[in-house]
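Student: Input: one structure, supplied below.
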Amino acid sequence: MAEAGIIAALYFVLTMAIEPLSFGQLGMLQLRVSEALCVLPFFTPAAIPGLFIGCAVANIFSFLGVVDVIFGSLATLAAATITYFIKNKWLLPLPSVLVNAVAIGALLHFFYFTELPLWVPMLYVGAGQALACYALGMPLFFLLNKHKKQLFGR
């Protein structure tokens, strides 16, 4: 439980540290540095509730409001759960990229960018997720994997 709490706190702090980018307040592109943590379910199942709770608390501050708290957090929960079962290290960030591109892209389309085709916000969210999850998440994965016995006992 403590491990999940630490992960939730990390997710929240990293999201709020660059709030305008995290919530796409500069347009449709969202870049949540906290999404680099999407690789953590590979190391510990505690990351699943940790990422979900951290995302839910951070989404309280989202301009999408309760819709983001519910659906954005559920998207993170789904992606983290899928990631837990992935064994190929290069595919670890993929659930977060795809699930969030579809879920958050759809939310943005239906609530804010109704004049645009659905694929446009999905593409923007997917691009932001890919940057966070691959450009930041994979280096984090390699660092943690190097020290996984000391950190996770595995």
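Every chain in the structure tokens takes a letter, A first, then B, and so on in the order presented; its residues are numbered from 1, and the ligands are numbered from 1 following the presented order.
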Which residues are near Val13 of chain A? Cut-off 9 Å, only C-alpha atoms, ignore same chain within fewer than 3 positions. Put them as a list in words.

Tutor: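 Answer for this query is Ala8, Ala9, Leu10, Met16, Ala17, Ser34, Gly54 and Ala58 of chain A.
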
Student: Counting only C-alpha atoms, which residue out of A:Leu140, A:Gly153, A:Gly50, A:Leu118 sits closest to Ala2 of chain A?

Tutor: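 Nearest candidate to Ala2 of chain A out of A:Leu140, A:Gly153, A:Gly50, A:Leu118: A:Gly50.
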
Student: Find, counting only C-alpha atoms, the residue in A:Leu21, A:Leu107, A:Val33, A:Cys38 that gets nearest to Pro93 of chain A.

Tutor: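 With only C-alpha atoms as the atom set, the closest residue is A:Cys38.
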
Student: If I take atom CA of Leu91 of chain A and atom CA of Lys146 of chain A, how far is one from the other in Å, to one decimal?

Tutor: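 If I compute the distance from atom CA of Leu91 of chain A to atom CA of Lys146 of chain A, I get 18.1 Å.
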
Student: Just the number, please: distance in Å from atom CA of Leu51 of chain A to atom CA of Phe111 of chain A, one decimal.

Tutor: 24.5 Å

Student: Using DSSP on the backbone coordinates, identify all residues within chain A classified as alpha helix (DSSP H); present the result as a count of residues only.

Tutor: 92

Student: Quick one: everything within 12 Å of Asn145 of chain A, counting only C-alpha atoms, minus sequence neighbours fewer than 4 positions away in the same chain. Send it as a count of residues only.

Tutor: 17

Student: Quick one: residues within 8 Å of segment 55-57 of chain A, only C-alpha atoms, excluding same-chain residues fewer than 2 positions away - as a PyMOL selection string?

Tutor: chain A and resi 8+11-12+51-53+59-61+69-70+72-73+76

Student: Kindly indicate which residue among A:Leu92, A:Ala78, A:Ala127, A:Ala46 lies nearest to Leu31 of chain A, using only C-alpha atoms for the distances.

Tutor: A:Ala127

Student: So how far away is atom CA of Pro41 of chain A from atom CA of Leu77 of chain A, in Å?

Tutor: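 Answer for the atom CA of Leu77 of chain A to atom CA of Pro41 of chain A separation: 10.7 Å.
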
Student: Taking only C-alpha atoms into account, name the residue in A:Val99, A:Leu14, A:Leu116, A:Leu94 that is nearest to Tyr134 of chain A.

Tutor: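 Checking each of A:Val99, A:Leu14, A:Leu116, A:Leu94 against Tyr134 of chain A, counting only C-alpha atoms, the winner is A:Leu94.
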
Student: Hey, which of A:Ala101, A:Ile7, A:Pro49, A:Pro95 ends up closest to Trp119 of chain A? Count only C-alpha atoms.

Tutor: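 Of A:Ala101, A:Ile7, A:Pro49, A:Pro95, the one nearest Trp119 of chain A, counting only C-alpha atoms, is A:Ala101.
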